[in-house]
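Participant: Okay, so here is target.txt, and as you'll see once you scroll down, it has compact mmCIF, C-alpha atoms.
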```txt
# COMPACT_ATOMS: atom_id res chain seq x y z
CA MET L 8 30.66 8.40 55.82
CA SER L 9 34.04 10.14 55.86
CA ASP L 10 35.28 12.20 52.92
CA ALA L 11 38.30 9.91 52.55
CA LEU L 12 36.08 6.83 52.28
CA ILE L 13 33.86 8.53 49.69
CA CYS L 14 36.91 9.42 47.60
CA GLY L 15 38.30 5.89 47.97
CA ILE L 16 35.11 4.20 46.77
CA ALA L 17 34.60 6.72 43.97
CA GLY L 18 38.20 6.27 42.84
CA ALA L 19 37.82 2.49 42.75
CA GLY L 20 34.61 2.70 40.70
CA ALA L 21 36.05 5.23 38.28
CA GLY L 22 39.20 3.15 37.87
CA ILE L 23 37.21 0.07 36.91
CA ILE L 24 35.22 1.97 34.26
CA ALA L 25 38.39 3.50 32.77
CA GLN L 26 40.10 0.11 32.76
CA LEU L 27 37.24 -1.63 30.94
CA ILE L 28 37.26 0.97 28.18
CA THR L 29 41.03 1.08 27.59
CA TYR L 30 42.10 -2.50 28.41
CA PRO L 31 42.84 -3.69 24.84
CA LEU L 32 45.24 -0.77 24.42
CA ASP L 33 46.89 -1.68 27.73
CA THR L 34 47.37 -5.31 26.63
CA VAL L 35 49.01 -4.29 23.35
CA ASN L 36 51.21 -1.76 25.12
CA THR L 37 52.38 -4.36 27.67
CA ARG L 38 53.44 -6.63 24.81
CA GLN L 39 55.24 -3.74 23.13
CA ARG L 40 57.15 -2.89 26.32
CA THR L 41 58.24 -6.51 26.87
CA ASP L 42 59.39 -7.01 23.26
CA ARG L 43 63.11 -7.60 23.71
CA ASN L 44 64.19 -7.55 20.08
CA SER L 45 66.04 -4.54 18.78
CA LYS L 46 64.30 -2.36 16.20
CA LYS L 47 66.81 -3.53 13.58
CA MET L 48 65.84 -7.18 13.98
CA LYS L 49 62.16 -6.85 13.08
CA LYS L 50 59.67 -4.43 11.71
CA THR L 51 57.70 -2.68 14.40
CA LEU L 52 53.94 -3.00 14.04
CA GLY L 53 51.65 -0.10 14.80
CA THR L 54 49.10 -0.26 17.59
CA ILE L 55 46.11 -1.02 15.34
CA GLU L 56 48.14 -3.55 13.33
CA GLN L 57 49.24 -5.35 16.47
CA MET L 58 45.69 -5.45 17.82
CA CYS L 59 44.49 -6.98 14.55
CA GLN L 60 47.35 -9.49 14.65
CA VAL L 61 46.42 -10.58 18.18
CA VAL L 62 42.76 -11.00 17.17
CA LYS L 63 43.67 -12.93 14.02
CA GLN L 64 46.24 -15.27 15.57
CA GLU L 65 44.95 -15.67 19.12
CA GLY L 66 41.35 -14.48 19.19
CA TRP L 67 39.48 -11.52 20.69
CA ASP L 68 39.78 -12.90 24.21
CA ARG L 69 43.56 -12.37 24.27
CA LEU L 70 43.05 -8.60 24.10
CA TYR L 71 41.37 -9.02 27.49
CA GLY L 72 43.87 -11.48 28.94
CA GLY L 73 44.22 -10.91 32.68
CA LEU L 74 41.15 -8.65 32.79
CA ALA L 75 39.73 -10.18 35.98
CA PRO L 76 42.85 -9.68 38.15
CA SER L 77 43.40 -6.33 36.45
CA LEU L 78 39.96 -5.10 37.53
CA VAL L 79 40.69 -6.30 41.07
CA GLY L 80 44.06 -4.55 40.92
CA THR L 81 42.58 -1.35 39.53
CA ALA L 82 39.85 -1.22 42.17
CA ALA L 83 42.37 -1.99 44.93
CA SER L 84 44.96 0.47 43.63
CA GLN L 85 42.57 3.35 43.10
CA GLY L 86 40.75 2.69 46.36
CA VAL L 87 43.95 2.48 48.42
CA TYR L 88 45.52 5.44 46.65
CA TYR L 89 42.57 7.80 46.93
CA TYR L 90 41.86 6.76 50.53
CA PHE L 91 45.37 7.50 51.78
CA TYR L 92 45.68 10.50 49.45
CA GLN L 93 42.59 12.11 50.98
CA ILE L 94 43.73 11.40 54.55
CA LEU L 95 47.18 12.89 53.92
CA ARG L 96 45.69 15.76 51.92
CA ASN L 97 43.36 16.67 54.78
CA ARG L 98 46.34 16.63 57.14
CA ALA L 99 48.32 18.88 54.78
CA GLU L 100 45.41 21.33 54.50
CA THR L 101 45.06 21.44 58.29
CA ASP L 102 48.77 22.15 58.68
CA ALA L 103 48.55 24.87 56.03
CA LEU L 104 45.73 26.60 57.95
CA VAL L 105 47.71 26.39 61.18
CA ARG L 106 50.70 27.99 59.47
CA LYS L 107 48.43 30.74 58.12
CA LYS L 108 47.24 31.53 61.66
CA ASN L 109 50.88 31.83 62.64
CA GLY L 110 51.46 34.28 59.82
CA ILE L 111 53.14 31.81 57.46
CA GLY L 112 51.70 31.19 53.99
CA ASP L 113 48.26 31.84 52.56
CA GLY L 114 46.56 28.72 53.98
CA SER L 115 46.70 26.69 50.75
CA VAL L 116 48.64 23.47 50.16
CA GLY L 117 51.78 24.18 48.16
CA MET L 118 53.16 22.28 45.19
CA PHE L 119 55.81 20.45 47.23
CA SER L 120 53.26 19.32 49.83
CA SER L 121 50.94 18.07 47.06
CA LEU L 122 53.83 16.15 45.52
CA LEU L 123 54.80 14.60 48.88
CA VAL L 124 51.21 13.57 49.66
CA ALA L 125 50.84 11.89 46.26
CA ALA L 126 54.23 10.14 46.60
CA LEU L 127 53.48 8.69 50.05
CA SER L 128 50.06 7.49 48.88
CA GLY L 129 51.68 5.90 45.84
CA CYS L 130 54.29 4.02 47.92
CA VAL L 131 51.61 2.47 50.13
CA ASN L 132 49.66 1.50 47.02
CA VAL L 133 52.68 -0.13 45.33
CA LEU L 134 53.68 -2.22 48.33
CA LEU L 135 50.13 -3.54 48.81
CA THR L 136 49.12 -4.22 45.20
CA ASN L 137 52.34 -5.20 43.34
CA PRO L 138 51.52 -8.96 43.44
CA ILE L 139 48.32 -8.34 41.49
CA TRP L 140 50.16 -6.51 38.71
CA VAL L 141 52.79 -9.25 38.40
CA VAL L 142 49.96 -11.69 37.64
CA VAL L 143 48.32 -9.25 35.20
CA THR L 144 51.57 -8.65 33.29
CA ARG L 145 52.16 -12.40 32.96
CA MET L 146 48.65 -12.94 31.60
CA GLN L 147 48.80 -10.02 29.19
CA THR L 148 52.10 -11.15 27.67
CA HIS L 149 51.08 -14.81 27.42
CA SER L 150 50.45 -15.63 23.77
CA ARG L 151 49.29 -18.65 21.77
CA LYS L 152 52.93 -19.39 20.96
CA ASP L 153 53.62 -19.84 24.65
CA LYS L 154 50.67 -22.21 24.89
CA ASP L 155 51.86 -24.20 21.88
CA ASN L 156 55.24 -24.63 23.54
CA HIS L 157 53.68 -26.43 26.49
CA PRO L 158 53.98 -30.20 26.11
CA LYS L 159 50.82 -32.15 25.32
CA LEU L 160 50.33 -35.51 26.99
CA GLU L 161 49.20 -38.56 25.00
CA VAL L 162 47.11 -40.95 27.05
CA SER L 163 46.24 -44.40 25.72
CA HIS L 164 42.72 -45.45 26.63
CA ASP L 165 41.32 -48.66 25.09
CA GLU L 166 44.02 -48.41 22.42
CA ILE L 167 42.84 -44.91 21.45
CA SER L 168 45.34 -42.09 21.77
CA VAL L 169 43.90 -39.05 23.44
CA VAL L 170 45.75 -35.73 23.33
CA VAL L 171 45.46 -33.90 26.65
CA GLU L 172 45.63 -30.13 26.28
CA PRO L 173 47.67 -28.16 28.84
CA PRO L 174 45.60 -26.36 31.47
CA PRO L 175 44.29 -22.90 30.47
CA TYR L 176 46.50 -19.98 31.42
CA GLY L 177 44.18 -18.52 34.01
CA THR L 178 44.76 -16.54 37.18
CA SER L 179 45.37 -19.57 39.42
CA HIS L 180 47.78 -21.09 36.89
CA THR L 181 49.70 -17.81 36.70
CA ILE L 182 49.94 -17.55 40.48
CA GLN L 183 51.29 -21.11 40.67
CA GLU L 184 53.81 -20.35 37.92
CA VAL L 185 55.14 -17.21 39.62
CA TYR L 186 55.38 -18.98 42.98
CA GLY L 187 57.08 -22.00 41.39
CA GLU L 188 59.75 -19.85 39.75
CA ASP L 189 60.65 -17.37 42.51
CA GLY L 190 58.57 -18.19 45.57
CA ILE L 191 56.76 -15.45 47.49
CA SER L 192 59.37 -12.86 46.47
CA GLY L 193 58.38 -13.36 42.82
CA PHE L 194 55.16 -11.46 43.46
CA TRP L 195 57.23 -8.36 44.20
CA ASN L 196 59.31 -8.51 41.01
CA GLY L 197 59.73 -5.01 39.62
CA VAL L 198 58.80 -3.37 42.92
CA PHE L 199 61.84 -1.07 42.96
CA PRO L 200 61.22 0.63 39.59
CA THR L 201 57.53 0.69 40.52
CA LEU L 202 58.33 2.57 43.73
CA PHE L 203 60.27 5.09 41.68
CA MET L 204 57.25 5.28 39.40
CA VAL L 205 55.18 6.82 42.19
CA SER L 206 56.52 10.01 40.68
CA ASN L 207 54.04 9.38 37.84
CA PRO L 208 50.85 9.84 39.88
CA SER L 209 52.69 12.41 41.97
CA ILE L 210 53.43 14.53 38.90
CA GLN L 211 49.96 13.77 37.55
CA PHE L 212 48.12 14.88 40.68
CA MET L 213 50.43 17.85 41.22
CA LEU L 214 49.66 19.11 37.71
CA TYR L 215 45.96 18.30 38.09
CA GLU L 216 45.56 20.01 41.47
CA THR L 217 47.59 23.04 40.35
CA LEU L 218 45.59 23.53 37.14
CA LEU L 219 42.29 22.90 38.93
CA LYS L 220 43.12 25.45 41.65
CA LYS L 221 44.06 28.06 39.06
CA ILE L 222 40.79 27.58 37.18
CA ARG L 223 38.71 27.79 40.36
CA LYS L 224 40.64 30.85 41.54
CA ARG L 225 40.08 32.58 38.21
CA ARG L 226 36.37 31.71 38.30
CA ALA L 227 36.05 32.98 41.86
CA SER L 228 37.72 36.30 41.00
CA SER L 229 35.48 36.86 37.98
CA ASN L 230 32.21 38.70 38.20
CA LYS L 231 30.21 35.65 37.16
CA GLY L 232 30.37 34.20 40.65
CA VAL L 233 30.52 30.61 39.34
CA ASN L 234 33.61 28.66 40.39
CA ASP L 235 32.39 25.10 39.72
CA VAL L 236 34.32 23.07 37.13
CA THR L 237 32.44 21.12 34.48
CA ALA L 238 32.93 17.42 33.72
CA LEU L 239 34.45 18.26 30.32
CA GLU L 240 37.01 20.58 31.90
CA ILE L 241 37.94 17.91 34.44
CA PHE L 242 38.31 15.44 31.54
CA LEU L 243 40.74 17.76 29.76
CA LEU L 244 42.69 18.57 32.94
CA GLY L 245 43.12 14.86 33.69
CA ALA L 246 44.33 14.22 30.14
CA VAL L 247 46.93 17.01 30.23
CA ALA L 248 48.19 15.97 33.67
CA LYS L 249 48.58 12.31 32.68
CA LEU L 250 50.32 13.18 29.43
CA GLY L 251 53.09 15.05 31.22
CA ALA L 252 53.56 12.33 33.83
CA THR L 253 53.64 9.47 31.30
CA VAL L 254 56.38 10.96 29.12
CA VAL L 255 58.66 11.50 32.12
CA THR L 256 58.30 8.07 33.75
CA TYR L 257 57.88 5.72 30.75
CA PRO L 258 61.40 4.17 30.88
CA LEU L 259 60.70 2.98 34.44
CA LEU L 260 57.51 1.33 33.20
CA VAL L 261 59.45 -0.59 30.55
CA ILE L 262 61.92 -1.92 33.14
CA LYS L 263 59.11 -2.88 35.52
CA SER L 264 57.27 -4.81 32.78
CA ARG L 265 60.42 -6.65 31.70
CA LEU L 266 61.04 -7.81 35.28
CA GLN L 267 57.43 -8.89 35.85
CA ALA L 268 57.04 -10.76 32.55
CA LYS L 269 58.01 -14.43 32.34
CA GLN L 270 61.77 -14.98 32.10
CA ASP L 271 62.47 -17.62 29.46
CA ILE L 272 65.27 -19.76 30.92
CA ASP L 273 66.23 -21.19 27.52
CA ALA L 274 66.28 -17.79 25.81
CA ASP L 275 69.29 -15.65 25.00
CA LYS L 276 71.04 -14.42 28.16
CA ARG L 277 70.75 -10.90 26.78
CA HIS L 278 67.00 -11.12 27.36
CA GLN L 279 67.17 -12.39 30.94
CA TYR L 280 67.22 -9.90 33.78
CA LYS L 281 68.44 -10.50 37.32
CA GLY L 282 67.23 -7.19 38.69
CA THR L 283 66.54 -3.54 38.00
CA LEU L 284 70.15 -2.51 37.35
CA ASP L 285 70.81 -5.58 35.16
CA ALA L 286 67.70 -4.79 33.06
CA LEU L 287 68.77 -1.16 32.74
CA MET L 288 72.25 -2.02 31.49
CA LYS L 289 71.12 -4.76 29.09
CA ILE L 290 68.44 -2.60 27.50
CA ILE L 291 70.99 0.17 26.91
CA ARG L 292 73.60 -2.26 25.58
CA TYR L 293 71.48 -4.44 23.29
CA GLU L 294 68.55 -2.21 22.33
CA GLY L 295 69.82 1.32 22.83
CA PHE L 296 67.83 4.13 24.40
CA HIS L 297 65.06 3.35 21.92
CA GLY L 298 64.29 0.28 24.03
CA PHE L 299 63.12 2.46 26.91
CA PHE L 300 60.41 4.04 24.77
CA LYS L 301 58.89 1.05 22.96
CA GLY L 302 55.15 1.49 22.66
CA MET L 303 55.16 4.93 24.25
CA GLY L 304 52.69 6.26 21.69
CA THR L 305 50.20 3.53 22.60
CA LYS L 306 50.76 4.18 26.30
CA ILE L 307 50.17 7.90 25.93
CA VAL L 308 46.83 7.30 24.19
CA GLN L 309 45.78 4.65 26.73
CA SER L 310 46.97 6.52 29.81
CA VAL L 311 45.60 9.91 28.82
CA LEU L 312 42.22 8.44 27.88
CA ALA L 313 42.04 6.32 31.04
CA ALA L 314 43.12 9.18 33.32
CA ALA L 315 40.67 11.60 31.74
CA ILE L 316 37.80 9.13 32.15
CA LEU L 317 38.93 8.33 35.71
CA PHE L 318 39.02 11.96 36.84
CA MET L 319 35.69 12.80 35.22
CA VAL L 320 33.85 9.73 36.57
CA LYS L 321 35.46 10.00 40.02
CA GLU L 322 34.45 13.64 40.44
CA GLU L 323 30.90 12.84 39.33
CA LEU L 324 30.66 9.87 41.72
CA VAL L 325 31.96 11.99 44.63
CA ARG L 326 29.51 14.74 43.75
CA CYS L 327 26.59 12.27 43.60
CA ALA L 328 27.61 10.59 46.87
CA ARG L 329 27.83 13.91 48.70
CA TRP L 330 24.50 15.02 47.23
CA LEU L 331 22.83 11.78 48.35
CA LEU L 332 24.32 12.01 51.84
CA THR L 333 23.40 15.69 52.15
CA GLY L 334 19.86 15.03 50.93
CA ARG L 335 19.40 12.14 53.35
CA THR L 336 20.73 14.19 56.25
CA ALA L 337 18.39 17.08 55.40
CA ALA L 338 15.41 14.69 55.12
CA ASN L 339 16.18 13.16 58.52
CA ALA L 340 16.47 16.64 60.05
CA ILE L 341 13.02 17.59 58.74
CA ARG L 342 11.52 14.46 60.23
```
Any chance you could give the structure as structure tokens?

Facilitator:
Amino acid sequence: MSDALICGIAGAGAGIIAQLITYPLDTVNTRQRTDRNSKKMKKTLGTIEQMCQVVKQEGWDRLYGGLAPSLVGTAASQGVYYYFYQILRNRAETDALVRKKNGIGDGSVGMFSSLLVAALSGCVNVLLTNPIWVVVTRMQTHSRKDKDNHPKLEVSHDEISVVVEPPPYGTSHTIQEVYGEDGISGFWNGVFPTLFMVSNPSIQFMLYETLLKKIRKRRASSNKGVNDVTALEIFLLGAVAKLGATVVTYPLLVIKSRLQAKQDIDADKRHQYKGTLDALMKIIRYEGFHGFFKGMGTKIVQSVLAAAILFMVKEELVRCARWLLTGRTAANAIR
């Protein structure tokens, strides 16, 4: 099994575990980002208050709305990202060694190369998985109010009126809704700000790799002779790296969510967006710069926690997979 495939599978598994733990926070944050009222028009609820409100008015299940496609999206995104990241990273390391033989550099991958590798991996990931996240955003922002607005049919059967409830807002219903509104192109709503958002994992992995390399280099130069990094240290490194990346790219996330959420045709024109630039200008005009940072506190907590769990679990899964493969190879050699 190739190293890239091991990293891809481990990344997918770690992503699913992190998603399961932090999903309620992600649902609340998506609703905060797509709230199109200015801060002067209504009191802003805190994260815990909004979670309690969702549970009280809509039930516990709404905190996990869109969980199934989200898990598929997380597994696909992490698998695709880590697979292509490892392939491109191996290529960059090979090129760095070649340059060292030619007397250029020290044989290590530089910061710019790490950033470029992460960006290219992110672009491939976005183009392949954007349709999944359009569906997830729709399902996360769908509330009981939206359901109550759907017309109920009254069917007369043997002179008894029967109220027919609208179909549940599941994955298939969401897919049909997106396709009915915008066709195939609707599944790539928000793709442009999302492509720009590849700077988020790029910054994240650049910070992570840089900090990890410094720790290992310091350990190697010490007299202890131990350069392995513990799971707790990886957890903290992942948290710090994600924190820096989230703060920088959050406004792009707000625009992406607004474009992917359902556009209410009968709503105020100020809250309808035709594209990325239109959303940018309307948010500035009607909500101010505050609109670009709605729910950022929630996102920081969710993203940092999810990234820390992801890095820790992914490294442990890779370590276990390599240990199992090495042990099996050694056993076969003995036989």

Participant: Can you tell me which residues surround Ala238 in chain L at a distance of at most 12 Å, considering all atoms listed in the file, apart from same-chain residues fewer than 3 positions away, and format the answer as a CSV table (one decimal) with C-alpha atoms, in the frame of the given file?

Facilitator:
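The new file around-v1.csv reads:
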```csv
chain,number,residue,atom,x,y,z
L,235,ASP,CA,32.4,25.1,39.7
L,241,ILE,CA,37.9,17.9,34.4
L,242,PHE,CA,38.3,15.4,31.5
L,243,LEU,CA,40.7,17.8,29.8
L,244,LEU,CA,42.7,18.6,32.9
L,245,GLY,CA,43.1,14.9,33.7
L,315,ALA,CA,40.7,11.6,31.7
L,316,ILE,CA,37.8,9.1,32.2
L,317,LEU,CA,38.9,8.3,35.7
L,318,PHE,CA,39.0,12.0,36.8
L,319,MET,CA,35.7,12.8,35.2
L,320,VAL,CA,33.8,9.7,36.6
L,321,LYS,CA,35.5,10.0,40.0
L,322,GLU,CA,34.4,13.6,40.4
L,323,GLU,CA,30.9,12.8,39.3
L,324,LEU,CA,30.7,9.9,41.7
L,326,ARG,CA,29.5,14.7,43.8
```

Participant: Which residue, L:Asn44, L:Gln211, L:Gln309, L:Thr54, has the smallest gap to Val255 in chain L when you use only C-alpha atoms?

Facilitator: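 So, comparing all the options, the nearest one is L:Gln211.
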
Participant: Could you name the residues that touch Glu184 in chain L at 12 Å or less, counting all atoms listed in the file, but leaving out those on the same chain fewer than 5 positions away, as a list in words?

Facilitator: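 Listing them by chain and then by number gives Val141, Val142, Arg145, Met146, Tyr176, Gly177, Thr178, Ser179, Asp189, Gly190, Ile191, Gly193, Phe194, Ala268, Lys269 and Gln270 of chain L.
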
Participant: Export C-alpha atoms of the chosen residues as a short mmCIF file (atom, residue, chain, number, x, y, z; two decimals), in the coordinates of the input?

Facilitator:
```cif
data_model
loop_
_atom_site.label_atom_id
_atom_site.label_comp_id
_atom_site.auth_asym_id
_atom_site.auth_seq_id
_atom_site.Cartn_x
_atom_site.Cartn_y
_atom_site.Cartn_z
CA VAL L 141 52.79 -9.25 38.40
CA VAL L 142 49.96 -11.69 37.64
CA ARG L 145 52.16 -12.40 32.96
CA MET L 146 48.65 -12.94 31.60
CA TYR L 176 46.50 -19.98 31.42
CA GLY L 177 44.18 -18.52 34.01
CA THR L 178 44.76 -16.54 37.18
CA SER L 179 45.37 -19.57 39.42
CA ASP L 189 60.65 -17.37 42.51
CA GLY L 190 58.57 -18.19 45.57
CA ILE L 191 56.76 -15.45 47.49
CA GLY L 193 58.38 -13.36 42.82
CA PHE L 194 55.16 -11.46 43.46
CA ALA L 268 57.04 -10.76 32.55
CA LYS L 269 58.01 -14.43 32.34
CA GLN L 270 61.77 -14.98 32.10
#
```

Participant: Have a look at CA of Ala82 in chain L and CA of Asn137 in chain L and let me know their distance in Å, one decimal.

Facilitator: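 Straight-line distance from CA of Ala82 in chain L to CA of Asn137 in chain L works out to 13.2 Å.
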
Participant: Figure out the distance between CA of Gly86 in chain L and CA of Gly15 in chain L, please, to one decimal in Å.

Facilitator: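 Separation of CA of Gly15 in chain L and CA of Gly86 in chain L: 4.3 Å.
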
Participant: Mind pulling up the distance from CA of Val236 in chain L to CA of Asp102 in chain L?

Facilitator: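 Between these atoms lies a distance of 26.0 Å.
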
Participant: Find the residue from L:Gln85, L:Gln39, L:Ser121, L:Asn132 that sits nearest to Ile210 in chain L; use all atoms listed in the file when measuring.

Facilitator: L:Ser121

Participant: Around range 245-255 of chain L, with edges along x, y and z and 5 Å added on all six sides, what centre and edge lengths do you get, in Å to one decimal, as JSON?

Facilitator:
```
{"center_x": 50.9, "center_y": 13.2, "center_z": 31.5, "size_x": 25.5, "size_y": 17.5, "size_z": 14.7}
```

Participant: Which of these residues is nearest to Gly18 in chain L, using all atoms listed in the file: L:Tyr280, L:Tyr88, L:Phe119, L:Tyr186?

Facilitator: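 Among the listed residues, the smallest separation from Gly18 in chain L belongs to L:Tyr88.
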
Participant: My list of candidates is L:Thr256, L:Ser150, L:Thr283, L:Asn97. Which is closest to Lys306 in chain L when distances are computed with only C-alpha atoms?

Facilitator: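 Closest candidate: L:Thr256.
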
Participant: Applying 12 Å and all atoms listed in the file, which residues near Val62 in chain L remain after dropping the ones on its own chain fewer than 3 positions away? List them as a PyMOL selection string.

Facilitator: chain L and resi 31+34-35+55-59+65-72+150-151

Participant: Just the residues within 10 Å of Ser310 in chain L, please, counting all atoms listed in the file, with nothing from its chain fewer than 4 positions along; format it as a PyMOL selection string.

Facilitator: chain L and resi 25-26+29+32-33+245-246+249-250+252-253+304-306+314-316

Participant: Using the incomplete input, complete range 61-69 of chain L to the level of all heavy atoms; output as a PDB file, in the frame of the given file.

Facilitator:
```pdb
ATOM      1  N   VAL L  61      46.805  -9.800  17.000  1.00  0.00           N
ATOM      2  CA  VAL L  61      46.420 -10.580  18.180  1.00  0.00           C
ATOM      3  C   VAL L  61      45.059 -11.230  17.954  1.00  0.00           C
ATOM      4  O   VAL L  61      44.869 -12.421  18.244  1.00  0.00           O
ATOM      5  CB  VAL L  61      46.390  -9.689  19.439  1.00  0.00           C
ATOM      6  CG1 VAL L  61      45.787 -10.455  20.616  1.00  0.00           C
ATOM      7  CG2 VAL L  61      47.796  -9.226  19.795  1.00  0.00           C
ATOM      8  N   VAL L  62      44.108 -10.460  17.427  1.00  0.00           N
ATOM      9  CA  VAL L  62      42.760 -11.000  17.170  1.00  0.00           C
ATOM     10  C   VAL L  62      42.817 -12.130  16.153  1.00  0.00           C
ATOM     11  O   VAL L  62      42.180 -13.177  16.327  1.00  0.00           O
ATOM     12  CB  VAL L  62      41.825  -9.874  16.691  1.00  0.00           C
ATOM     13  CG1 VAL L  62      40.484 -10.457  16.241  1.00  0.00           C
ATOM     14  CG2 VAL L  62      41.612  -8.853  17.788  1.00  0.00           C
ATOM     15  N   LYS L  63      43.594 -11.952  15.091  1.00  0.00           N
ATOM     16  CA  LYS L  63      43.670 -12.930  14.020  1.00  0.00           C
ATOM     17  C   LYS L  63      44.350 -14.219  14.460  1.00  0.00           C
ATOM     18  O   LYS L  63      43.888 -15.326  14.142  1.00  0.00           O
ATOM     19  CB  LYS L  63      44.420 -12.334  12.831  1.00  0.00           C
ATOM     20  CG  LYS L  63      44.507 -13.261  11.621  1.00  0.00           C
ATOM     21  CD  LYS L  63      45.233 -12.580  10.473  1.00  0.00           C
ATOM     22  CE  LYS L  63      45.331 -13.516   9.265  1.00  0.00           C
ATOM     23  NZ  LYS L  63      46.042 -12.859   8.126  1.00  0.00           N
ATOM     24  N   GLN L  64      45.452 -14.096  15.203  1.00  0.00           N
ATOM     25  CA  GLN L  64      46.240 -15.270  15.570  1.00  0.00           C
ATOM     26  C   GLN L  64      45.810 -15.919  16.879  1.00  0.00           C
ATOM     27  O   GLN L  64      45.985 -17.121  17.056  1.00  0.00           O
ATOM     28  CB  GLN L  64      47.722 -14.888  15.657  1.00  0.00           C
ATOM     29  CG  GLN L  64      48.319 -14.419  14.346  1.00  0.00           C
ATOM     30  CD  GLN L  64      49.788 -14.062  14.463  1.00  0.00           C
ATOM     31  OE1 GLN L  64      50.368 -14.118  15.543  1.00  0.00           O
ATOM     32  NE2 GLN L  64      50.398 -13.683  13.352  1.00  0.00           N
ATOM     33  N   GLU L  65      45.240 -15.133  17.792  1.00  0.00           N
ATOM     34  CA  GLU L  65      44.950 -15.670  19.120  1.00  0.00           C
ATOM     35  C   GLU L  65      43.497 -15.508  19.552  1.00  0.00           C
ATOM     36  O   GLU L  65      43.078 -16.096  20.541  1.00  0.00           O
ATOM     37  CB  GLU L  65      45.859 -14.983  20.157  1.00  0.00           C
ATOM     38  CG  GLU L  65      47.343 -15.097  19.826  1.00  0.00           C
ATOM     39  CD  GLU L  65      48.198 -14.312  20.810  1.00  0.00           C
ATOM     40  OE1 GLU L  65      47.932 -14.390  22.017  1.00  0.00           O
ATOM     41  OE2 GLU L  65      49.129 -13.621  20.352  1.00  0.00           O
ATOM     42  N   GLY L  66      42.743 -14.670  18.845  1.00  0.00           N
ATOM     43  CA  GLY L  66      41.350 -14.480  19.190  1.00  0.00           C
ATOM     44  C   GLY L  66      41.114 -13.204  19.982  1.00  0.00           C
ATOM     45  O   GLY L  66      42.032 -12.622  20.570  1.00  0.00           O
ATOM     46  N   TRP L  67      39.845 -12.759  19.999  1.00  0.00           N
ATOM     47  CA  TRP L  67      39.480 -11.520  20.690  1.00  0.00           C
ATOM     48  C   TRP L  67      39.772 -11.584  22.182  1.00  0.00           C
ATOM     49  O   TRP L  67      40.103 -10.571  22.813  1.00  0.00           O
ATOM     50  CB  TRP L  67      37.987 -11.238  20.495  1.00  0.00           C
ATOM     51  CG  TRP L  67      37.660 -10.640  19.172  1.00  0.00           C
ATOM     52  CD1 TRP L  67      37.214 -11.287  18.056  1.00  0.00           C
ATOM     53  CD2 TRP L  67      37.767  -9.263  18.803  1.00  0.00           C
ATOM     54  NE1 TRP L  67      37.038 -10.406  17.014  1.00  0.00           N
ATOM     55  CE2 TRP L  67      37.362  -9.148  17.446  1.00  0.00           C
ATOM     56  CE3 TRP L  67      38.155  -8.104  19.480  1.00  0.00           C
ATOM     57  CZ2 TRP L  67      37.340  -7.931  16.764  1.00  0.00           C
ATOM     58  CZ3 TRP L  67      38.134  -6.891  18.808  1.00  0.00           C
ATOM     59  CH2 TRP L  67      37.740  -6.817  17.472  1.00  0.00           C
ATOM     60  N   ASP L  68      39.641 -12.780  22.755  1.00  0.00           N
ATOM     61  CA  ASP L  68      39.780 -12.900  24.210  1.00  0.00           C
ATOM     62  C   ASP L  68      41.169 -12.541  24.697  1.00  0.00           C
ATOM     63  O   ASP L  68      41.351 -12.122  25.842  1.00  0.00           O
ATOM     64  CB  ASP L  68      39.414 -14.313  24.665  1.00  0.00           C
ATOM     65  CG  ASP L  68      40.318 -15.370  24.033  1.00  0.00           C
ATOM     66  OD1 ASP L  68      40.460 -15.350  22.793  1.00  0.00           O
ATOM     67  OD2 ASP L  68      40.868 -16.213  24.769  1.00  0.00           O
ATOM     68  N   ARG L  69      42.194 -12.666  23.823  1.00  0.00           N
ATOM     69  CA  ARG L  69      43.560 -12.370  24.270  1.00  0.00           C
ATOM     70  C   ARG L  69      43.777 -10.871  24.477  1.00  0.00           C
ATOM     71  O   ARG L  69      44.685 -10.479  25.198  1.00  0.00           O
ATOM     72  CB  ARG L  69      44.585 -12.894  23.257  1.00  0.00           C
ATOM     73  CG  ARG L  69      44.694 -14.400  23.207  1.00  0.00           C
ATOM     74  CD  ARG L  69      44.830 -15.033  24.569  1.00  0.00           C
ATOM     75  NE  ARG L  69      45.906 -14.441  25.354  1.00  0.00           N
ATOM     76  CZ  ARG L  69      45.946 -14.432  26.668  1.00  0.00           C
ATOM     77  NH1 ARG L  69      44.949 -14.955  27.365  1.00  0.00           N
ATOM     78  NH2 ARG L  69      46.963 -13.896  27.309  1.00  0.00           N
TER      79      ARG L  69
END
```
